[in-house]
file entry-v3.pdb (PDB, C-alpha atoms (C1' of nucleotides))
ATOM      1  CA  MET A1188      -2.414 -29.620  20.840
ATOM      2  CA  SER A1189      -1.527 -26.494  18.960
ATOM      3  CA  SER A1190       0.010 -24.007  21.356
ATOM      4  CA  PHE A1191       3.471 -22.645  20.739
ATOM      5  CA  THR A1192       6.025 -22.359  23.543
ATOM      6  CA  ASN A1193       9.350 -20.724  24.295
ATOM      7  CA  GLN A1194      10.894 -23.966  23.119
ATOM      8  CA  ASP A1195       9.458 -23.412  19.668
ATOM      9  CA  LEU A1196      11.096 -20.013  19.530
ATOM     10  CA  ARG A1197      14.470 -21.316  20.621
ATOM     11  CA  ARG A1198      14.240 -24.206  18.215
ATOM     12  CA  ALA A1199      13.780 -21.627  15.464
ATOM     13  CA  GLY A1200      16.942 -19.867  16.604
ATOM     14  CA  LEU A1201      15.007 -16.960  18.061
ATOM     15  CA  LYS A1202      15.679 -15.550  21.461
ATOM     16  CA  VAL A1203      12.729 -15.425  23.779
ATOM     17  CA  THR A1204      11.973 -11.743  24.005
ATOM     18  CA  LEU A1205       9.079  -9.753  25.307
ATOM     19  CA  PRO A1206       7.824  -8.533  21.927
ATOM     20  CA  ARG A1207       7.889 -12.068  20.533
ATOM     21  CA  LEU A1208       6.032 -13.486  23.483
ATOM     22  CA  LYS A1209       3.445 -10.733  23.381
ATOM     23  CA  ILE A1210       2.831 -11.183  19.689
ATOM     24  CA  LEU A1211       2.639 -14.941  20.043
ATOM     25  CA  GLU A1212       0.191 -14.689  22.918
ATOM     26  CA  LEU A1213      -1.919 -12.202  21.029
ATOM     27  CA  LEU A1214      -2.170 -14.415  17.953
ATOM     28  CA  GLU A1215      -2.929 -17.509  20.011
ATOM     29  CA  LYS A1216      -5.878 -16.067  21.805
ATOM     30  CA  ALA A1217      -7.227 -13.624  19.232
ATOM     31  CA  GLU A1218     -10.805 -14.638  18.504
ATOM     32  CA  SER A1219     -10.633 -13.232  14.991
ATOM     33  CA  HIS A1220      -7.258 -14.793  14.470
ATOM     34  CA  HIS A1221      -6.527 -13.290  11.091
ATOM     35  CA  MET A1222      -4.574 -10.135  11.798
ATOM     36  CA  SER A1223      -2.568  -7.712   9.708
ATOM     37  CA  ALA A1224       0.713  -6.331  11.024
ATOM     38  CA  GLU A1225      -1.128  -3.113  11.743
ATOM     39  CA  ASP A1226      -3.827  -4.985  13.675
ATOM     40  CA  VAL A1227      -1.209  -6.655  15.824
ATOM     41  CA  TYR A1228       0.537  -3.364  16.404
ATOM     42  CA  LYS A1229      -2.650  -1.594  17.436
ATOM     43  CA  ALA A1230      -3.669  -4.427  19.732
ATOM     44  CA  LEU A1231      -0.291  -4.245  21.475
ATOM     45  CA  MET A1232      -0.625  -0.499  21.862
ATOM     46  CA  GLU A1233      -4.032  -0.911  23.452
ATOM     47  CA  HIS A1234      -2.568  -3.362  25.920
ATOM     48  CA  GLY A1235      -0.041  -0.708  26.837
ATOM     49  CA  GLU A1236       2.879  -2.602  25.311
ATOM     50  CA  ASP A1237       5.689  -0.557  23.845
ATOM     51  CA  VAL A1238       6.534  -2.378  20.638
ATOM     52  CA  GLY A1239       7.435  -0.772  17.342
ATOM     53  CA  LEU A1240       5.597  -1.495  14.120
ATOM     54  CA  ALA A1241       8.883  -2.452  12.480
ATOM     55  CA  THR A1242       9.397  -5.083  15.133
ATOM     56  CA  VAL A1243       5.951  -6.471  14.514
ATOM     57  CA  TYR A1244       6.816  -6.913  10.857
ATOM     58  CA  ARG A1245      10.176  -8.460  11.668
ATOM     59  CA  VAL A1246       8.740 -10.848  14.214
ATOM     60  CA  LEU A1247       5.849 -11.910  12.001
ATOM     61  CA  THR A1248       8.243 -12.629   9.154
ATOM     62  CA  GLN A1249      10.468 -14.661  11.453
ATOM     63  CA  PHE A1250       7.465 -16.547  12.776
ATOM     64  CA  GLU A1251       6.416 -17.289   9.260
ATOM     65  CA  GLN A1252       9.813 -18.742   8.414
ATOM     66  CA  ALA A1253       9.708 -20.761  11.611
ATOM     67  CA  GLY A1254       6.321 -22.157  10.651
ATOM     68  CA  ILE A1255       4.642 -20.562  13.645
ATOM     69  CA  VAL A1256       2.326 -18.369  11.606
ATOM     70  CA  GLU A1257       0.969 -18.416   8.083
ATOM     71  CA  ARG A1258       0.804 -15.386   5.863
ATOM     72  CA  HIS A1259      -2.091 -14.844   3.486
ATOM     73  CA  ASN A1260      -2.539 -12.275   0.766
ATOM     74  CA  PHE A1261      -6.229 -11.889   0.131
ATOM     75  CA  GLU A1262      -7.632  -9.679  -2.625
ATOM     76  CA  ASN A1263      -6.463  -6.418  -1.161
ATOM     77  CA  ASN A1264      -2.697  -5.982  -1.248
ATOM     78  CA  LEU A1265      -2.365  -6.534   2.462
ATOM     79  CA  SER A1266      -0.908  -9.478   4.341
ATOM     80  CA  VAL A1267      -2.796 -11.106   7.181
ATOM     81  CA  PHE A1268      -1.287 -13.593   9.584
ATOM     82  CA  GLU A1269      -2.685 -16.435  11.621
ATOM     83  CA  ILE A1270      -1.234 -18.971  14.012
ATOM     84  CA  ALA A1271      -0.315 -22.153  12.159
ATOM     85  CA  LYS A1272      -2.606 -25.017  13.006
ATOM     86  CA  ASP A1273      -1.837 -28.676  12.791
ATOM     87  CA  GLU A1274      -4.449 -29.160  10.125
ATOM     88  CA  HIS A1275      -4.144 -27.264   6.880
ATOM     89  CA  HIS A1276      -7.148 -25.282   5.748
ATOM     90  CA  ASP A1277      -8.265 -22.865   3.061
ATOM     91  CA  HIS A1278     -10.474 -19.788   3.313
ATOM     92  CA  LEU A1279     -13.921 -18.577   2.407
ATOM     93  CA  VAL A1280     -14.192 -14.785   2.583
ATOM     94  CA  CYS A1281     -17.368 -12.702   2.528
ATOM     95  CA  ASP A1282     -16.965  -9.835   0.066
ATOM     96  CA  GLN A1283     -19.483  -7.823   2.028
ATOM     97  CA  CYS A1284     -18.677  -8.115   5.749
ATOM     98  CA  GLY A1285     -15.200  -9.592   5.518
ATOM     99  CA  LYS A1286     -16.102 -12.672   7.545
ATOM    100  CA  ILE A1287     -13.545 -15.435   7.144
ATOM    101  CA  ILE A1288     -14.419 -19.109   7.353
ATOM    102  CA  GLU A1289     -11.838 -21.864   7.333
ATOM    103  CA  PHE A1290     -12.505 -25.107   5.537
ATOM    104  CA  HIS A1291     -10.681 -28.188   4.476
ATOM    105  CA  ASN A1292     -11.665 -30.391   1.593
ATOM    106  CA  GLU A1293      -9.684 -33.537   1.031
ATOM    107  CA  GLU A1294     -11.019 -34.045  -2.474
ATOM    108  CA  ILE A1295      -9.851 -30.619  -3.594
ATOM    109  CA  GLU A1296      -6.433 -31.230  -2.051
ATOM    110  CA  ALA A1297      -6.090 -34.505  -3.920
ATOM    111  CA  LEU A1298      -7.109 -32.927  -7.209
ATOM    112  CA  GLN A1299      -4.527 -30.191  -6.747
ATOM    113  CA  GLU A1300      -1.829 -32.810  -6.363
ATOM    114  CA  LYS A1301      -3.044 -34.477  -9.495
ATOM    115  CA  VAL A1302      -3.047 -31.250 -11.512
ATOM    116  CA  ALA A1303       0.475 -30.397 -10.381
ATOM    117  CA  LYS A1304       1.724 -33.836 -11.274
ATOM    118  CA  ASP A1305       0.080 -33.685 -14.678
ATOM    119  CA  PHE A1306       2.106 -30.563 -15.456
ATOM    120  CA  GLY A1307       5.362 -32.006 -14.110
ATOM    121  CA  PHE A1308       5.338 -29.843 -10.988
ATOM    122  CA  THR A1309       6.427 -30.873  -7.518
ATOM    123  CA  LEU A1310       3.736 -29.214  -5.461
ATOM    124  CA  ALA A1311       5.091 -27.163  -2.568
ATOM    125  CA  GLY A1312       2.001 -25.331  -1.449
ATOM    126  CA  HIS A1313      -1.107 -23.602  -2.614
ATOM    127  CA  SER A1314      -3.463 -20.771  -1.944
ATOM    128  CA  LEU A1315      -7.190 -21.250  -2.318
ATOM    129  CA  VAL A1316      -9.570 -18.492  -1.362
ATOM    130  CA  LEU A1317     -13.253 -18.519  -2.213
ATOM    131  CA  TYR A1318     -14.999 -15.139  -2.342
ATOM    132  CA  GLY A1319     -18.730 -14.664  -2.028
ATOM    133  CA  ILE A1320     -21.576 -13.332   0.063
ATOM    134  CA  CYS A1321     -22.308 -15.014   3.371
ATOM    135  CA  ASP A1322     -25.757 -15.808   4.727
ATOM    136  CA  ASN A1323     -25.808 -12.826   7.080
ATOM    137  CA  LYS A1324     -29.014 -10.868   6.368
ATOM    138  CA  ASP A1325     -27.252  -7.529   5.829
ATOM    139  CA  CYS A1326     -24.890  -9.088   3.353
ATOM    140  CA  GLN A1327     -27.752 -10.775   1.520
ATOM    141  CA  ASN A1328     -29.634  -7.487   1.311
ATOM    142  CA  SER A1329     -26.661  -5.762  -0.212
ATOM    143  CA  ILE A1330     -26.945  -8.110  -3.163
ATOM    144  CA  LYS A1331     -30.431  -7.061  -4.119
ATOM    145  CA  ARG A1332     -29.515  -3.396  -3.929
TER     146      ARG A1332
ATOM    147  CA  MET B 545     -12.878 -15.397 -30.265
ATOM    148  CA  SER B 546     -11.336 -13.445 -27.474
ATOM    149  CA  SER B 547     -10.116 -10.138 -28.858
ATOM    150  CA  PHE B 548     -11.343  -6.887 -27.374
ATOM    151  CA  THR B 549     -12.390  -3.987 -29.583
ATOM    152  CA  ASN B 550     -13.160  -0.299 -29.353
ATOM    153  CA  GLN B 551     -16.741  -1.356 -28.895
ATOM    154  CA  ASP B 552     -15.839  -3.107 -25.674
ATOM    155  CA  LEU B 553     -14.282   0.075 -24.363
ATOM    156  CA  ARG B 554     -17.287   2.200 -25.264
ATOM    157  CA  ARG B 555     -19.636  -0.361 -23.804
ATOM    158  CA  ALA B 556     -17.704   0.006 -20.554
ATOM    159  CA  GLY B 557     -18.209   3.761 -20.673
ATOM    160  CA  LEU B 558     -14.587   4.391 -21.559
ATOM    161  CA  LYS B 559     -13.519   6.711 -24.298
ATOM    162  CA  VAL B 560     -11.284   5.201 -26.916
ATOM    163  CA  THR B 561      -7.949   6.843 -26.253
ATOM    164  CA  LEU B 562      -4.438   6.169 -27.358
ATOM    165  CA  PRO B 563      -3.130   4.953 -23.975
ATOM    166  CA  ARG B 564      -6.047   2.547 -23.605
ATOM    167  CA  LEU B 565      -5.603   1.138 -27.070
ATOM    168  CA  LYS B 566      -1.872   0.756 -26.607
ATOM    169  CA  ILE B 567      -2.279  -1.039 -23.297
ATOM    170  CA  LEU B 568      -4.986  -3.276 -24.701
ATOM    171  CA  GLU B 569      -2.912  -4.160 -27.720
ATOM    172  CA  LEU B 570       0.107  -4.850 -25.551
ATOM    173  CA  LEU B 571      -1.787  -7.213 -23.276
ATOM    174  CA  GLU B 572      -3.413  -8.998 -26.188
ATOM    175  CA  LYS B 573      -0.229  -9.892 -27.944
ATOM    176  CA  ALA B 574       2.166 -10.239 -25.014
ATOM    177  CA  GLU B 575       3.550 -13.759 -25.119
ATOM    178  CA  SER B 576       4.117 -13.800 -21.384
ATOM    179  CA  HIS B 577       0.717 -12.316 -20.788
ATOM    180  CA  HIS B 578       0.982 -11.837 -17.060
ATOM    181  CA  MET B 579       2.256  -8.314 -16.580
ATOM    182  CA  SER B 580       2.572  -5.979 -13.634
ATOM    183  CA  ALA B 581       1.718  -2.303 -14.047
ATOM    184  CA  GLU B 582       5.423  -1.622 -14.109
ATOM    185  CA  ASP B 583       5.942  -4.216 -16.846
ATOM    186  CA  VAL B 584       3.271  -2.578 -18.958
ATOM    187  CA  TYR B 585       4.763   0.835 -18.352
ATOM    188  CA  LYS B 586       8.254  -0.254 -19.319
ATOM    189  CA  ALA B 587       7.018  -2.037 -22.422
ATOM    190  CA  LEU B 588       5.236   1.126 -23.541
ATOM    191  CA  MET B 589       8.357   3.181 -22.938
ATOM    192  CA  GLU B 590      10.375   0.792 -25.070
ATOM    193  CA  HIS B 591       7.877   1.175 -27.880
ATOM    194  CA  GLY B 592       8.432   4.908 -27.641
ATOM    195  CA  GLU B 593       4.950   5.566 -26.292
ATOM    196  CA  ASP B 594       4.549   8.494 -23.944
ATOM    197  CA  VAL B 595       2.239   7.174 -21.246
ATOM    198  CA  GLY B 596       2.502   7.878 -17.555
ATOM    199  CA  LEU B 597       2.714   5.146 -14.964
ATOM    200  CA  ALA B 598      -0.299   6.605 -13.186
ATOM    201  CA  THR B 599      -2.302   6.230 -16.355
ATOM    202  CA  VAL B 600      -1.274   2.608 -16.642
ATOM    203  CA  TYR B 601      -2.600   1.973 -13.157
ATOM    204  CA  ARG B 602      -5.814   3.852 -13.852
ATOM    205  CA  VAL B 603      -6.415   2.098 -17.135
ATOM    206  CA  LEU B 604      -5.684  -1.350 -15.752
ATOM    207  CA  THR B 605      -8.111  -0.760 -12.895
ATOM    208  CA  GLN B 606     -10.777   0.412 -15.321
ATOM    209  CA  PHE B 607     -10.157  -2.586 -17.521
ATOM    210  CA  GLU B 608     -10.494  -4.836 -14.532
ATOM    211  CA  GLN B 609     -13.849  -3.333 -13.646
ATOM    212  CA  ALA B 610     -14.937  -3.671 -17.245
ATOM    213  CA  GLY B 611     -13.991  -7.339 -17.215
ATOM    214  CA  ILE B 612     -11.345  -6.829 -19.869
ATOM    215  CA  VAL B 613      -8.452  -7.889 -17.683
ATOM    216  CA  GLU B 614      -8.057  -9.956 -14.546
ATOM    217  CA  ARG B 615      -5.910  -8.959 -11.613
ATOM    218  CA  HIS B 616      -3.977 -11.526  -9.624
ATOM    219  CA  ASN B 617      -2.063 -11.149  -6.395
ATOM    220  CA  PHE B 618       0.449 -13.936  -6.210
ATOM    221  CA  GLU B 619       2.691 -14.520  -3.182
ATOM    222  CA  ASN B 620       4.613 -11.304  -3.533
ATOM    223  CA  ASN B 621       2.546  -8.225  -2.802
ATOM    224  CA  LEU B 622       2.425  -7.200  -6.419
ATOM    225  CA  SER B 623      -0.499  -7.243  -8.802
ATOM    226  CA  VAL B 624      -0.197  -8.830 -12.203
ATOM    227  CA  PHE B 625      -2.756  -8.455 -14.962
ATOM    228  CA  GLU B 626      -3.801 -10.587 -17.897
ATOM    229  CA  ILE B 627      -6.347 -10.268 -20.654
ATOM    230  CA  ALA B 628      -9.598 -11.943 -19.653
ATOM    231  CA  LYS B 629     -10.240 -15.090 -21.618
ATOM    232  CA  ASP B 630     -13.548 -16.681 -22.359
ATOM    233  CA  GLU B 631     -12.620 -19.700 -20.314
ATOM    234  CA  HIS B 632     -11.800 -19.298 -16.668
ATOM    235  CA  HIS B 633      -8.539 -20.766 -15.455
ATOM    236  CA  ASP B 634      -6.359 -20.985 -12.361
ATOM    237  CA  HIS B 635      -2.575 -20.851 -12.048
ATOM    238  CA  LEU B 636       0.384 -23.042 -11.317
ATOM    239  CA  VAL B 637       3.488 -21.022 -10.438
ATOM    240  CA  CYS B 638       7.075 -22.262 -10.242
ATOM    241  CA  ASP B 639       8.686 -21.025  -7.037
ATOM    242  CA  GLN B 640      12.072 -21.226  -8.684
ATOM    243  CA  CYS B 641      11.844 -19.720 -12.160
ATOM    244  CA  GLY B 642       8.500 -17.973 -11.880
ATOM    245  CA  LYS B 643       6.991 -19.846 -14.824
ATOM    246  CA  ILE B 644       3.207 -19.594 -14.858
ATOM    247  CA  ILE B 645       0.964 -22.318 -16.231
ATOM    248  CA  GLU B 646      -2.758 -21.936 -16.633
ATOM    249  CA  PHE B 647      -5.074 -24.818 -15.951
ATOM    250  CA  HIS B 648      -8.728 -25.512 -15.569
ATOM    251  CA  ASN B 649     -10.202 -28.358 -13.599
ATOM    252  CA  GLU B 650     -13.927 -28.816 -13.685
ATOM    253  CA  GLU B 651     -13.956 -31.129 -10.694
ATOM    254  CA  ILE B 652     -12.232 -28.581  -8.484
ATOM    255  CA  GLU B 653     -14.630 -25.891  -9.659
ATOM    256  CA  ALA B 654     -17.612 -28.017  -8.772
ATOM    257  CA  LEU B 655     -16.218 -28.837  -5.339
ATOM    258  CA  GLN B 656     -15.686 -25.149  -4.638
ATOM    259  CA  GLU B 657     -19.332 -24.482  -5.394
ATOM    260  CA  LYS B 658     -20.293 -27.241  -3.054
ATOM    261  CA  VAL B 659     -18.091 -25.985  -0.217
ATOM    262  CA  ALA B 660     -19.482 -22.461  -0.563
ATOM    263  CA  LYS B 661     -23.037 -23.721  -0.535
ATOM    264  CA  ASP B 662     -22.354 -25.872   2.519
ATOM    265  CA  PHE B 663     -21.338 -22.739   4.419
ATOM    266  CA  GLY B 664     -24.273 -20.693   3.196
ATOM    267  CA  PHE B 665     -22.187 -18.587   0.839
ATOM    268  CA  THR B 666     -23.173 -17.361  -2.601
ATOM    269  CA  LEU B 667     -19.930 -17.888  -4.451
ATOM    270  CA  ALA B 668     -18.799 -14.857  -6.412
ATOM    271  CA  GLY B 669     -15.296 -15.834  -7.377
ATOM    272  CA  HIS B 670     -12.188 -17.570  -6.219
ATOM    273  CA  SER B 671      -8.447 -17.540  -6.360
ATOM    274  CA  LEU B 672      -6.534 -20.777  -6.661
ATOM    275  CA  VAL B 673      -2.789 -20.745  -7.106
ATOM    276  CA  LEU B 674      -0.613 -23.824  -6.834
ATOM    277  CA  TYR B 675       3.052 -23.253  -5.988
ATOM    278  CA  GLY B 676       5.786 -25.734  -6.680
ATOM    279  CA  ILE B 677       8.872 -26.561  -8.684
ATOM    280  CA  CYS B 678       8.491 -27.146 -12.393
ATOM    281  CA  ASP B 679      10.231 -29.869 -14.385
ATOM    282  CA  ASN B 680      12.865 -27.528 -15.780
ATOM    283  CA  LYS B 681      16.282 -29.065 -15.019
ATOM    284  CA  ASP B 682      17.675 -25.969 -13.311
ATOM    285  CA  CYS B 683      14.653 -25.742 -11.060
ATOM    286  CA  GLN B 684      14.896 -29.412 -10.193
ATOM    287  CA  ASN B 685      18.574 -29.034  -9.318
ATOM    288  CA  SER B 686      17.830 -26.208  -6.962
ATOM    289  CA  ILE B 687      15.787 -28.605  -4.867
ATOM    290  CA  LYS B 688      18.636 -30.983  -4.175
ATOM    291  CA  ARG B 689      20.941 -28.131  -3.239
TER     292      ARG B 689
ATOM    293  C1'  DC C 161      30.372  -9.990  27.554
ATOM    294  C1'  DT C 162      28.870 -11.200  22.961
ATOM    295  C1'  DT C 163      25.353 -11.664  20.014
ATOM    296  C1'  DA C 164      20.809 -11.010  18.685
ATOM    297  C1'  DG C 165      16.814  -7.942  19.170
ATOM    298  C1'  DT C 166      14.611  -3.473  19.458
ATOM    299  C1'  DG C 167      12.711   1.276  18.632
ATOM    300  C1'  DC C 168      12.905   5.009  15.894
ATOM    301  C1'  DA C 169      13.384   7.454  11.724
ATOM    302  C1'  DA C 170      14.339   7.276   7.175
ATOM    303  C1'  DA C 171      14.158   4.613   2.832
ATOM    304  C1'  DT C 172      11.681   1.674  -0.392
ATOM    305  C1'  DG C 173       8.351  -0.003  -3.637
ATOM    306  C1'  DT C 174       3.758  -0.025  -5.157
ATOM    307  C1'  DT C 175      -0.381   2.214  -5.988
ATOM    308  C1'  DT C 176      -3.399   6.461  -5.655
ATOM    309  C1'  DT C 177      -4.666  11.338  -6.025
ATOM    310  C1'  DG C 178      -4.831  16.429  -7.162
ATOM    311  C1'  DC C 179      -4.552  19.389 -10.658
ATOM    312  C1'  DA C 180      -3.803  22.009 -14.925
ATOM    313  C1'  DC C 181      -3.753  20.760 -19.651
ATOM    314  C1'  DA C 182      -5.160  17.857 -23.721
ATOM    315  C1'  DA C 183      -8.034  14.958 -26.332
ATOM    316  C1'  DT C 184     -12.641  12.632 -27.295
ATOM    317  C1'  DG C 185     -17.374  12.443 -28.863
TER     318       DG C 185
ATOM    319  C1'  DC D 409     -17.764  22.721 -26.031
ATOM    320  C1'  DA D 410     -18.729  19.700 -22.282
ATOM    321  C1'  DT D 411     -16.797  15.931 -20.405
ATOM    322  C1'  DT D 412     -13.467  12.495 -19.699
ATOM    323  C1'  DG D 413      -8.742  11.321 -19.901
ATOM    324  C1'  DT D 414      -3.857  12.392 -19.286
ATOM    325  C1'  DG D 415       0.885  13.466 -17.512
ATOM    326  C1'  DC D 416       3.326  14.983 -13.868
ATOM    327  C1'  DA D 417       4.449  15.589  -9.197
ATOM    328  C1'  DA D 418       3.144  14.789  -4.710
ATOM    329  C1'  DA D 419       0.685  11.828  -1.418
ATOM    330  C1'  DA D 420      -0.572   7.625   0.639
ATOM    331  C1'  DC D 421       0.244   3.005   2.108
ATOM    332  C1'  DA D 422       2.415  -1.263   3.383
ATOM    333  C1'  DT D 423       6.738  -2.934   4.318
ATOM    334  C1'  DT D 424      11.895  -2.866   4.928
ATOM    335  C1'  DT D 425      16.322  -1.183   6.444
ATOM    336  C1'  DG D 426      20.179   1.392   8.939
ATOM    337  C1'  DC D 427      21.740   2.444  13.167
ATOM    338  C1'  DA D 428      22.619   3.413  17.982
ATOM    339  C1'  DC D 429      20.929   1.342  22.095
ATOM    340  C1'  DT D 430      19.136  -2.626  25.038
ATOM    341  C1'  DA D 431      18.380  -7.061  26.553
ATOM    342  C1'  DA D 432      19.119 -12.268  26.394
ATOM    343  C1'  DG D 433      21.971 -16.317  27.046
TER     344       DG D 433
END
call {"tool": "encode", "arguments": {"input": "entry-v3.pdb", "output": "structure tokens"}}
result
Amino acid sequence: MSSFTNQDLRRAGLKVTLPRLKILELLEKAESHHMSAEDVYKALMEHGEDVGLATVYRVLTQFEQAGIVERHNFENNLSVFEIAKDEHHDHLVCDQCGKIIEFHNEEIEALQEKVAKDFGFTLAGHSLVLYGICDNKDCQNSIKR
Amino acid sequence: MSSFTNQDLRRAGLKVTLPRLKILELLEKAESHHMSAEDVYKALMEHGEDVGLATVYRVLTQFEQAGIVERHNFENNLSVFEIAKDEHHDHLVCDQCGKIIEFHNEEIEALQEKVAKDFGFTLAGHSLVLYGICDNKDCQNSIKR
DNA sequence: CTTAGTGCAAATGTTTTGCACAATG
DNA sequence: CATTGTGCAAAACATTTGCACTAAG
């Protein structure tokens, strides 16, 4: 199962505080679970929580270091965060509507390892994002324009 | 051959101006050809050129749209640019010393196409960056620390 | 109580924009 | 000469930091 608890926070040397719990909860149950710091902040505001934007940034960074969330930098210079899952995955992003699909391809992973090894690198991680137009009709139409 | 000319600028609807030529020339012959806007700006300053930082940003963005340079956003939220080559390539970045290696793997490319198609996407581009530690002795040592 | 966490405001670093002036075709 | 490009300064963003105050263990 992939739900983080107070224990996970403590294990990371983080006190269990209201802002951290709220942010964690928000990320766990967000349907579109790719959120920018600003997104998280606005969502908290809407829920009537009194958390500062600076705290959101601090907490997200701490969560990242603790392996609780992953940070992604897509094409725009803006970081988005998502709850870390057990299974690693990469992303497919629609240039038109921004839809994000997660995928995992074992063959690609293996080839990446091979490439790194060929160049004498010890692979530590990678970032693979595919950009394109999804099959949504509006997005398809925008191509022919 | 992969050298851009005044013709390429005109074809892109850009007038041939001194700043554009200087930036183009700089990117073409830079040995470490991955430069941030700031890098480009500083290099121009050192050559005694009088170009504003804003112009560097504008020109690089125009060049990107014209397909003359490619923009990459590596882990840090900072854009780096490089002259577009005929052959597409991805990057292998050393987390320790920042060394950047370019590679191209046809198998990975093909698999990306397949993944996109499987999800109903028309692939427009992708970003693949492998992070790790290179075989430089200092970088290797830093692991065992 | 002692330490870590927070909100706020101010600072930072990168990139963009407005505008009067300069250069290109 | 009409248009596009430029430098400069100011604005706009995303993110970080300093600090006095608050809450957690």
call {"tool": "interface_residues", "arguments": {"input": "entry-v3.pdb", "of": "chain B", "to": "chain C", "cutoff": "12 Å", "atoms": "all atoms listed in the file", "output": "ChimeraX atom specification"}}
result
/B:554,557-563,580-582,597-602,604-605,620-624
call {"tool": "atom_distance", "arguments": {"input": "entry-v3.pdb", "atom1": "CA of Ile567 in chain B", "atom2": "CA of Glu608 in chain B"}}
result
12.6 Å
call {"tool": "resolve_selection", "arguments": {"input": "entry-v3.pdb", "expression": "the PyMOL selection byres ((chain A) within 7 of (chain B))", "output": "VMD selection string"}}
result
chain A and resid 1260 1262 1264 1295 1298 1307 to 1322
call {"tool": "interface_residues", "arguments": {"input": "entry-v3.pdb", "of": "chain D", "to": "chain A", "cutoff": "9 Å", "atoms": "only C-alpha atoms (C1' of nucleotides)", "output": "JSON, numbers by chain"}}
result
{"D": [422, 423, 424, 431, 432, 433]}
call {"tool": "atom_distance", "arguments": {"input": "entry-v3.pdb", "atom1": "CA of Ala574 in chain B", "atom2": "CA of His632 in chain B"}}
result
18.6 Å
call {"tool": "resolve_selection", "arguments": {"input": "entry-v3.pdb", "expression": "the PyMOL selection byres ((chain D and resi 415) around 7)", "output": "mmCIF file with C-alpha atoms (C1' of nucleotides), keeping the file's coordinate frame"}}
result
data_model
loop_
_atom_site.group_PDB
_atom_site.id
_atom_site.type_symbol
_atom_site.label_atom_id
_atom_site.label_comp_id
_atom_site.auth_asym_id
_atom_site.auth_seq_id
_atom_site.Cartn_x
_atom_site.Cartn_y
_atom_site.Cartn_z
ATOM 1 C CA GLY B 596 2.502 7.878 -17.555
ATOM 2 C "C1'" DT D 414 -3.857 12.392 -19.286
ATOM 3 C "C1'" DC D 416 3.326 14.983 -13.868
#
call {"tool": "atom_distance", "arguments": {"input": "entry-v3.pdb", "atom1": "CA of Glu1236 in chain A", "atom2": "CA of Leu1208 in chain A"}}
result
11.5 Å
call {"tool": "resolve_selection", "arguments": {"input": "entry-v3.pdb", "expression": "the PyMOL selection byres ((chain A and resi 1189-1195) around 12)", "output": "PyMOL selection string"}}
result
chain A and resi 1188+1196-1205+1207-1216+1250+1253-1256+1270-1274
call {"tool": "decode", "arguments": {"input": "entry-v3.pdb", "residues": "range 167-175 of chain C", "atoms": "N, CA, C and O atoms (P, O5', C5', C4', C3', O3' and C1' of nucleotides)", "output": "tab-separated table (two decimals), in the first residue's frame"}}
result
chain	number	residue	atom	x	y	z
C	167	DG	P	2.05	28.46	8.32
C	167	DG	O5'	2.07	30.03	8.54
C	167	DG	C5'	1.36	30.61	9.62
C	167	DG	C4'	1.71	32.10	9.68
C	167	DG	C3'	1.48	32.82	8.36
C	167	DG	O3'	0.78	34.03	8.61
C	167	DG	C1'	3.76	33.05	9.05
C	168	DC	P	0.15	34.84	7.44
C	168	DC	O5'	1.18	36.05	7.28
C	168	DC	C5'	1.58	36.80	8.44
C	168	DC	C4'	2.87	37.54	8.13
C	168	DC	C3'	2.89	38.22	6.76
C	168	DC	O3'	2.85	39.62	6.94
C	168	DC	C1'	4.96	37.16	7.28
C	169	DA	P	2.79	40.56	5.63
C	169	DA	O5'	4.28	41.11	5.57
C	169	DA	C5'	5.07	41.15	6.77
C	169	DA	C4'	6.50	41.51	6.41
C	169	DA	C3'	6.62	42.36	5.16
C	169	DA	O3'	7.73	43.25	5.32
C	169	DA	C1'	7.71	40.31	4.80
C	170	DA	P	8.15	44.23	4.12
C	170	DA	O5'	9.62	43.75	3.76
C	170	DA	C5'	10.51	43.37	4.82
C	170	DA	C4'	11.70	42.64	4.20
C	170	DA	C3'	12.24	43.30	2.93
C	170	DA	O3'	13.65	43.27	2.95
C	170	DA	C1'	11.68	41.06	2.49
C	171	DA	P	14.54	43.66	1.69
C	171	DA	O5'	15.08	42.25	1.18
C	171	DA	C5'	15.86	41.46	2.08
C	171	DA	C4'	16.40	40.26	1.33
C	171	DA	C3'	17.17	40.61	0.06
C	171	DA	O3'	18.30	39.77	-0.02
C	171	DA	C1'	15.37	39.17	-0.47
C	172	DT	P	19.36	39.99	-1.17
C	172	DT	O5'	19.14	38.77	-2.15
C	172	DT	C5'	18.82	37.48	-1.62
C	172	DT	C4'	18.46	36.54	-2.75
C	172	DT	C3'	19.17	36.83	-4.07
C	172	DT	O3'	19.97	35.70	-4.38
C	172	DT	C1'	16.85	36.41	-4.39
C	173	DG	P	21.05	35.75	-5.53
C	173	DG	O5'	20.28	35.04	-6.73
C	173	DG	C5'	19.66	33.77	-6.51
C	173	DG	C4'	18.94	33.36	-7.77
C	173	DG	C3'	19.68	33.81	-9.04
C	173	DG	O3'	19.63	32.76	-9.99
C	173	DG	C1'	17.48	34.72	-8.99
C	174	DT	P	20.30	32.96	-11.43
C	174	DT	O5'	19.02	32.89	-12.39
C	174	DT	C5'	18.07	31.86	-12.19
C	174	DT	C4'	16.81	32.17	-12.94
C	174	DT	C3'	17.03	32.48	-14.43
C	174	DT	O3'	16.15	31.65	-15.17
C	174	DT	C1'	15.65	34.12	-13.43
C	175	DT	P	16.35	31.52	-16.77
C	175	DT	O5'	15.23	32.51	-17.32
C	175	DT	C5'	13.88	32.20	-17.00
C	175	DT	C4'	13.00	33.39	-17.25
C	175	DT	C3'	13.02	33.91	-18.70
C	175	DT	O3'	11.71	33.77	-19.23
C	175	DT	C1'	13.06	35.68	-17.13
